[in-house]
Amino acid sequence: MVDLKQLAYERKNIMVFLIMASFLKGLAMIGQALFFVLIADSVFLKNASFQDMVPYLFGLLGVIFLRVLCGYVIGRSGVNLATEVKTHLREKLIQSFAANPLQASIQGQSGQKVSLLLDAVDELDGYYSKYIPQMIQSYIIPVLLLIVIFSQHWVTGLIILITAPFIPIFMALVGIKTKEKADQQMEKMGQFSGTFLDVLQGLTTLKLYGQAERQQQTIKKSSLDFRDATMEVLKSAFLSSLMLEYISMLSMGIIALEIGLRLVVFDSLTFFTAFFVMILVPDFFNMLKDFGSAFHTGKGSTAAANRLSAHFEKEAPSVEWGQGILSNEPPYLTLNGFSFQYGEGFKLEPIQAEIPPYSQAAIIGKSGSGKTTLLHAIAGLLPPESGNVLVNGVPRDQIDEKSWFEQLSYISQNPYLFAGTIKENIAIGASRETTEEEVWEAAKKAGIVEMVMSLKEGLDTPVGEAGRGLSGGEKQRIALARAFLKQPSVILFDEPTTGLDLQTEKILQESLAELGKRATIITVAHRLHTIKQSDVILILSEGKLAAAGSHNELLETYAPYEEMLAVQHGGIVQ
């Protein structure tokens with residue numbers, strides 16, 4: 001649960017600063033009223049000279065400056081408080097996405113995650129930059145003003161005590177309704193963001209299937225729903241401001257009438273007291289009105305806090321890591337009863353298997369049998385439900401995360417390329433500084449030098465987001481170049497040859513053999529002829545390890561393996 005107040009109170013230095021500045025501002029407001037009254041009383045009733053007024057004028061300038069300074073400090077502290085909390089929450093969100101990227105990627109739309117990270121967190125800005133500073137001022141300054149008012153004219157203080165409570169009562173009533181509408185607005189904003197980005201990413205597909213017009217109407221409806229929800233929130237805000245203004249003016253009118261009668265009709269009140277009180281009373285109610293506006297802002301932020309809380313509450317457990325450091329040599333990997341389940345969906349049953357160093361392992365099975373899930377488990381991207389992955393006999397949760405990933409390369413069937421140059425996309429494979437010669441050497445081993453040389457800008461050729469402008473084979477070979485540059489000890493391939501032409505597949509196989517000279521290679525494959533030389537073949541069926549062994553061992557001991565080969569070779573097993 002995201003506790004907004006708790007996050008503010010954790011920033012103790014800023015909160016203490018706000019309290020001190022609010023107290024000084026309250027004293028400055030009292031001093032300002034006092035000097036105004038002293039000057040007016042001395043000039044108009046006592047006929048004082050200008051020379052007599054000089055100390056009062058300097059005093060007035062001093063307290064005005066102090067009030068302005070305190071106001072600036074309070075505002076600045078609120079901004080700093082908002083910045084610190086928003087930074088903390090964004091870091092926490094990013095860590096939650098990064099700790100379990102696979103789980104995060106399959107839950108909801110990308111646009112909703114972006115909206116959560118940007119819009120929802122930004123919605124909290126008003127709570128910390130306006131509501132919290134105004135709340136602290138409203139706790140301190142009105143009390144100081146009320147004490148002074150009671151000391152000067154207890155009747156006015158009594159009227160304030162009777163009328164002022166109507167303001168927080170009305171704020172509470174409006175706040176309940178505002179919260180409901182703010183929740184609806186935040187929900188509509190999330191839906192709009194998710195729908196818009198989802199449609200934008202699939203625009204080509206929508207065009208090809210003639211669905212662009214229909215999705216245009218969907219976006220329009222989502223946009224209008226968000227507009228209507230926003231207008232409802234603004235309606236509540238305007239109603240709240242109107243009623244707060246009405247209550248304040250009515251209260252000040254009653255006080256002014258009472259003081260006027262005592263001053264003019266009954267002559268039972270001095271000008272000094274009457275003027276002093278009438279200057280302080282508007283300041284008192286203005287503080288409450290400002291708090292009312294800030295209160296509305298705070299309630300609006302509650303909806304964003306609820307969205308963040310919902311995300312953190314359903315956050316999936318992440319992979320735990322220890323402090324152990326790996327050497328550069330390929331490790332001995334053991335799947336020690338590792339199991340995993342996607343929520344209520346697919347479950348990978350406990351798997352027991354061993355992958356020796358410098359070996360080539362293959363994972364095969366029908367679509368949906370859990371091949372990629374197992375590869376993700378080996379990579380350390382999924383937390384175990386039970387069991388563990390042993391690295392050189394040591395549970396992986398005792399291995400340092402950075403040390404493990406420095407020894408690992410993962411090449412999927414659709415590797416992600418970032419917007420940038422080809423050189424930058426290859427160099428991202430190494431955690432160290434690399435030279436252009438090293439990048440060229442990696443490109444040569446991955447078989448893309450000819451393709452790069454044909455481009456006008458060579459390695460400096462820009463690549464679109466997600467590798468737009470490159471073919472699937474070219475993206476795979478750039479991912480291979482990353483692996484050559486990184487020189488890992490464990491390499492994971494997820495169906496690397498799927499959908500590639502024979503020439504590109506041959507290049508990938510040659511590169512694979514080159515990488516295998518100094519690394520353990522684990523491959524998920526559909527084309528079974530590519531895995532015959534594998535030292536270990538793991539066959540999965542419906543999330544279970546059905547069989548394990550070498551090619552020849554499986555031919556002898558597991559009949560379905562021979563059938564799988566026969567299907568791909570047209571009924572002939574080689």
# chains A, B, ... in the order shown; residues from 1 in each chain; ligands from 1
call {"tool": "residues_around", "arguments": {"residues": "range 252-261 of chain A", "least_positions_apart": "4", "cutoff": "12 Å", "atoms": "only C-alpha atoms", "output": "PyMOL selection string"}}
result
chain A and resi 149+152-164+245-248+265-286
call {"tool": "residues_around", "arguments": {"residues": "range 488-495 of chain A", "least_positions_apart": "3", "cutoff": "8 Å", "atoms": "only C-alpha atoms", "output": "list in words"}}
result
Asn328, Glu329, Pro330, Pro331, Thr372, Leu375, Ala379, Glu406, Gln407, Leu408, Ser409, Tyr410, Ile411, Ser412, Gln413, Ala483, Phe484, Thr498, Arg518, Ala519, Thr520, Ile521, Ile522, Thr523, Val524, Ala525 and His526 of chain A
call {"tool": "closest_residue", "arguments": {"among": "A:Leu242, A:Leu512, A:Val536, A:Ile478", "to": "Ala353 in chain A", "atoms": "only C-alpha atoms"}}
result
A:Val536
call {"tool": "select_by_dssp", "arguments": {"residues": "range 295-383 of chain A", "states": "strand (DSSP E)", "output": "compact mmCIF listing (two decimals) with N, CA, C and O atoms, in the first residue's frame"}}
result
# COMPACT_ATOMS: atom_id res chain seq x y z
N LEU A 333 25.95 -26.47 -14.68
CA LEU A 333 24.59 -26.07 -14.35
C LEU A 333 23.74 -27.28 -13.98
O LEU A 333 23.79 -28.31 -14.67
N THR A 334 22.98 -27.14 -12.91
CA THR A 334 22.09 -28.21 -12.46
C THR A 334 20.71 -27.64 -12.19
O THR A 334 20.57 -26.67 -11.42
N LEU A 335 19.71 -28.20 -12.86
CA LEU A 335 18.33 -27.84 -12.56
C LEU A 335 17.87 -28.77 -11.45
O LEU A 335 17.61 -29.96 -11.67
N ASN A 336 17.82 -28.23 -10.23
CA ASN A 336 17.55 -29.03 -9.05
C ASN A 336 16.09 -28.91 -8.62
O ASN A 336 15.74 -28.17 -7.71
N GLY A 337 15.22 -29.62 -9.35
CA GLY A 337 13.79 -29.58 -9.02
C GLY A 337 13.15 -28.23 -9.27
O GLY A 337 12.17 -27.88 -8.61
N PHE A 338 13.68 -27.48 -10.25
CA PHE A 338 13.15 -26.13 -10.52
C PHE A 338 11.74 -26.21 -11.09
O PHE A 338 11.47 -26.98 -12.01
N SER A 339 10.83 -25.40 -10.52
CA SER A 339 9.47 -25.30 -11.05
C SER A 339 9.03 -23.85 -11.02
O SER A 339 9.56 -23.04 -10.25
N PHE A 340 8.05 -23.53 -11.89
CA PHE A 340 7.55 -22.15 -11.97
C PHE A 340 6.14 -22.16 -12.53
O PHE A 340 5.78 -23.02 -13.33
N GLN A 341 5.34 -21.17 -12.10
CA GLN A 341 3.98 -21.06 -12.61
C GLN A 341 3.64 -19.60 -12.88
O GLN A 341 3.91 -18.72 -12.04
N LYS A 347 2.10 -24.02 -15.90
CA LYS A 347 3.03 -24.40 -14.84
C LYS A 347 4.14 -25.28 -15.39
O LYS A 347 3.88 -26.26 -16.11
N LEU A 348 5.36 -24.95 -15.06
CA LEU A 348 6.52 -25.77 -15.38
C LEU A 348 6.78 -26.67 -14.16
O LEU A 348 7.11 -26.19 -13.09
N GLU A 349 6.56 -27.96 -14.36
CA GLU A 349 6.71 -28.91 -13.26
C GLU A 349 8.19 -29.03 -12.86
O GLU A 349 9.08 -28.71 -13.64
N PRO A 350 8.45 -29.51 -11.62
CA PRO A 350 9.85 -29.65 -11.16
C PRO A 350 10.71 -30.42 -12.16
O PRO A 350 10.34 -31.51 -12.61
N ILE A 351 11.84 -29.84 -12.51
CA ILE A 351 12.74 -30.43 -13.51
C ILE A 351 14.10 -30.73 -12.89
O ILE A 351 14.67 -29.87 -12.20
N GLN A 352 14.60 -31.92 -13.15
CA GLN A 352 15.91 -32.34 -12.67
C GLN A 352 16.78 -32.64 -13.89
O GLN A 352 16.47 -33.54 -14.68
N ALA A 353 17.84 -31.86 -14.07
CA ALA A 353 18.71 -32.07 -15.23
C ALA A 353 20.07 -31.45 -14.95
O ALA A 353 20.20 -30.55 -14.11
N GLU A 354 21.09 -31.92 -15.70
CA GLU A 354 22.45 -31.41 -15.54
C GLU A 354 23.01 -31.01 -16.91
O GLU A 354 22.79 -31.71 -17.90
N ILE A 355 23.71 -29.87 -16.93
CA ILE A 355 24.33 -29.39 -18.16
C ILE A 355 25.80 -29.12 -17.85
O ILE A 355 26.13 -28.11 -17.21
N GLN A 360 26.93 -28.68 -25.33
CA GLN A 360 25.83 -28.09 -26.09
C GLN A 360 24.56 -28.82 -25.67
O GLN A 360 24.46 -30.03 -25.82
N ALA A 361 23.62 -28.04 -25.13
CA ALA A 361 22.35 -28.62 -24.67
C ALA A 361 21.23 -28.09 -25.55
O ALA A 361 21.29 -26.96 -26.04
N ALA A 362 20.22 -28.92 -25.76
CA ALA A 362 19.06 -28.51 -26.56
C ALA A 362 17.79 -28.79 -25.78
O ALA A 362 17.69 -29.77 -25.05
N ILE A 363 16.82 -27.89 -25.96
CA ILE A 363 15.51 -28.05 -25.34
C ILE A 363 14.49 -28.13 -26.47
O ILE A 363 14.39 -27.20 -27.29
N ILE A 364 13.74 -29.23 -26.54
CA ILE A 364 12.77 -29.40 -27.62
C ILE A 364 11.42 -29.80 -27.04
O ILE A 364 11.30 -30.16 -25.86
N GLY A 365 10.42 -29.75 -27.87
CA GLY A 365 9.07 -30.10 -27.45
C GLY A 365 8.05 -29.36 -28.29
O GLY A 365 8.39 -28.46 -29.08
call {"tool": "closest_residue", "arguments": {"among": "A:Leu540, A:Leu38, A:Ala481, A:Ala310", "to": "Glu424 in chain A", "atoms": "only C-alpha atoms"}}
result
A:Ala481
call {"tool": "closest_residue", "arguments": {"among": "A:Ala28, A:Leu480, A:Ile426, A:Val394", "to": "Leu326 in chain A", "atoms": "only C-alpha atoms"}}
result
A:Val394
call {"tool": "residues_around", "arguments": {"residues": "Ser301 in chain A", "least_positions_apart": "4", "cutoff": "7 Å", "atoms": "only C-alpha atoms", "output": "PyMOL selection string"}}
result
chain A and resi 123-124+127+297+305
call {"tool": "write_last_selection", "arguments": {"atoms": "all heavy atoms", "output": "PDB file, in the first residue's frame"}}
result
ATOM      1  N   GLU A 123       0.676  12.659 -10.911  1.00  0.00           N
ATOM      2  CA  GLU A 123      -0.555  13.059 -10.228  1.00  0.00           C
ATOM      3  C   GLU A 123      -0.324  13.298  -8.738  1.00  0.00           C
ATOM      4  O   GLU A 123      -1.103  13.982  -8.081  1.00  0.00           O
ATOM      5  CB  GLU A 123      -1.631  11.989 -10.416  1.00  0.00           C
ATOM      6  CG  GLU A 123      -2.335  12.033 -11.762  1.00  0.00           C
ATOM      7  CD  GLU A 123      -3.190  13.267 -11.930  1.00  0.00           C
ATOM      8  OE1 GLU A 123      -3.919  13.632 -10.992  1.00  0.00           O
ATOM      9  OE2 GLU A 123      -3.117  13.890 -13.004  1.00  0.00           O
ATOM     10  N   LEU A 124       0.742  12.731  -8.192  1.00  0.00           N
ATOM     11  CA  LEU A 124       1.052  12.908  -6.771  1.00  0.00           C
ATOM     12  C   LEU A 124       1.751  14.234  -6.498  1.00  0.00           C
ATOM     13  O   LEU A 124       1.919  14.609  -5.338  1.00  0.00           O
ATOM     14  CB  LEU A 124       1.951  11.766  -6.283  1.00  0.00           C
ATOM     15  CG  LEU A 124       1.422  10.340  -6.456  1.00  0.00           C
ATOM     16  CD1 LEU A 124       2.436   9.344  -5.919  1.00  0.00           C
ATOM     17  CD2 LEU A 124       0.091  10.165  -5.746  1.00  0.00           C
ATOM     18  N   TYR A 127      -0.081  16.726  -4.322  1.00  0.00           N
ATOM     19  CA  TYR A 127      -0.228  16.306  -2.927  1.00  0.00           C
ATOM     20  C   TYR A 127       0.963  16.780  -2.104  1.00  0.00           C
ATOM     21  O   TYR A 127       0.802  17.270  -0.979  1.00  0.00           O
ATOM     22  CB  TYR A 127      -0.339  14.783  -2.861  1.00  0.00           C
ATOM     23  CG  TYR A 127      -0.614  14.254  -1.478  1.00  0.00           C
ATOM     24  CD1 TYR A 127      -1.916  14.083  -1.019  1.00  0.00           C
ATOM     25  CD2 TYR A 127       0.432  13.907  -0.627  1.00  0.00           C
ATOM     26  CE1 TYR A 127      -2.169  13.607   0.252  1.00  0.00           C
ATOM     27  CE2 TYR A 127       0.190  13.419   0.650  1.00  0.00           C
ATOM     28  CZ  TYR A 127      -1.110  13.275   1.084  1.00  0.00           C
ATOM     29  OH  TYR A 127      -1.345  12.808   2.358  1.00  0.00           O
ATOM     30  N   THR A 297      -6.891  18.906  -4.174  1.00  0.00           N
ATOM     31  CA  THR A 297      -5.743  18.379  -4.908  1.00  0.00           C
ATOM     32  C   THR A 297      -5.263  17.069  -4.286  1.00  0.00           C
ATOM     33  O   THR A 297      -4.939  16.114  -4.989  1.00  0.00           O
ATOM     34  CB  THR A 297      -4.590  19.398  -4.904  1.00  0.00           C
ATOM     35  OG1 THR A 297      -5.040  20.621  -5.498  1.00  0.00           O
ATOM     36  CG2 THR A 297      -3.391  18.873  -5.669  1.00  0.00           C
ATOM     37  N   ALA A 305      -2.500   7.160  -6.102  1.00  0.00           N
ATOM     38  CA  ALA A 305      -1.889   6.303  -5.072  1.00  0.00           C
ATOM     39  C   ALA A 305      -2.519   4.919  -5.069  1.00  0.00           C
ATOM     40  O   ALA A 305      -1.836   3.911  -4.864  1.00  0.00           O
ATOM     41  CB  ALA A 305      -2.027   6.957  -3.703  1.00  0.00           C
TER      42      ALA A 305
END
call {"tool": "closest_residue", "arguments": {"among": "A:Leu538, A:Val148, A:Leu528, A:Ala48", "to": "Glu562 in chain A", "atoms": "only C-alpha atoms"}}
result
A:Leu528
call {"tool": "atom_distance", "arguments": {"atom1": "CA of Ala427 in chain A", "atom2": "CA of Leu485 in chain A"}}
result
7.3 Å
call {"tool": "select_by_dssp", "arguments": {"residues": "range 195-402 of chain A", "states": "alpha helix (DSSP H)", "output": "PyMOL selection string"}}
result
chain A and resi 195-201+203-208+212-260+271-313+371-379+401-402
call {"tool": "closest_residue", "arguments": {"among": "A:Ala430, A:Leu7, A:Ile141, A:Leu60", "to": "Tyr128 in chain A", "atoms": "only C-alpha atoms"}}
result
A:Leu7
call {"tool": "closest_residue", "arguments": {"among": "A:Leu27, A:Val199, A:Val143, A:Met451", "to": "Lys220 in chain A", "atoms": "only C-alpha atoms"}}
result
A:Val199
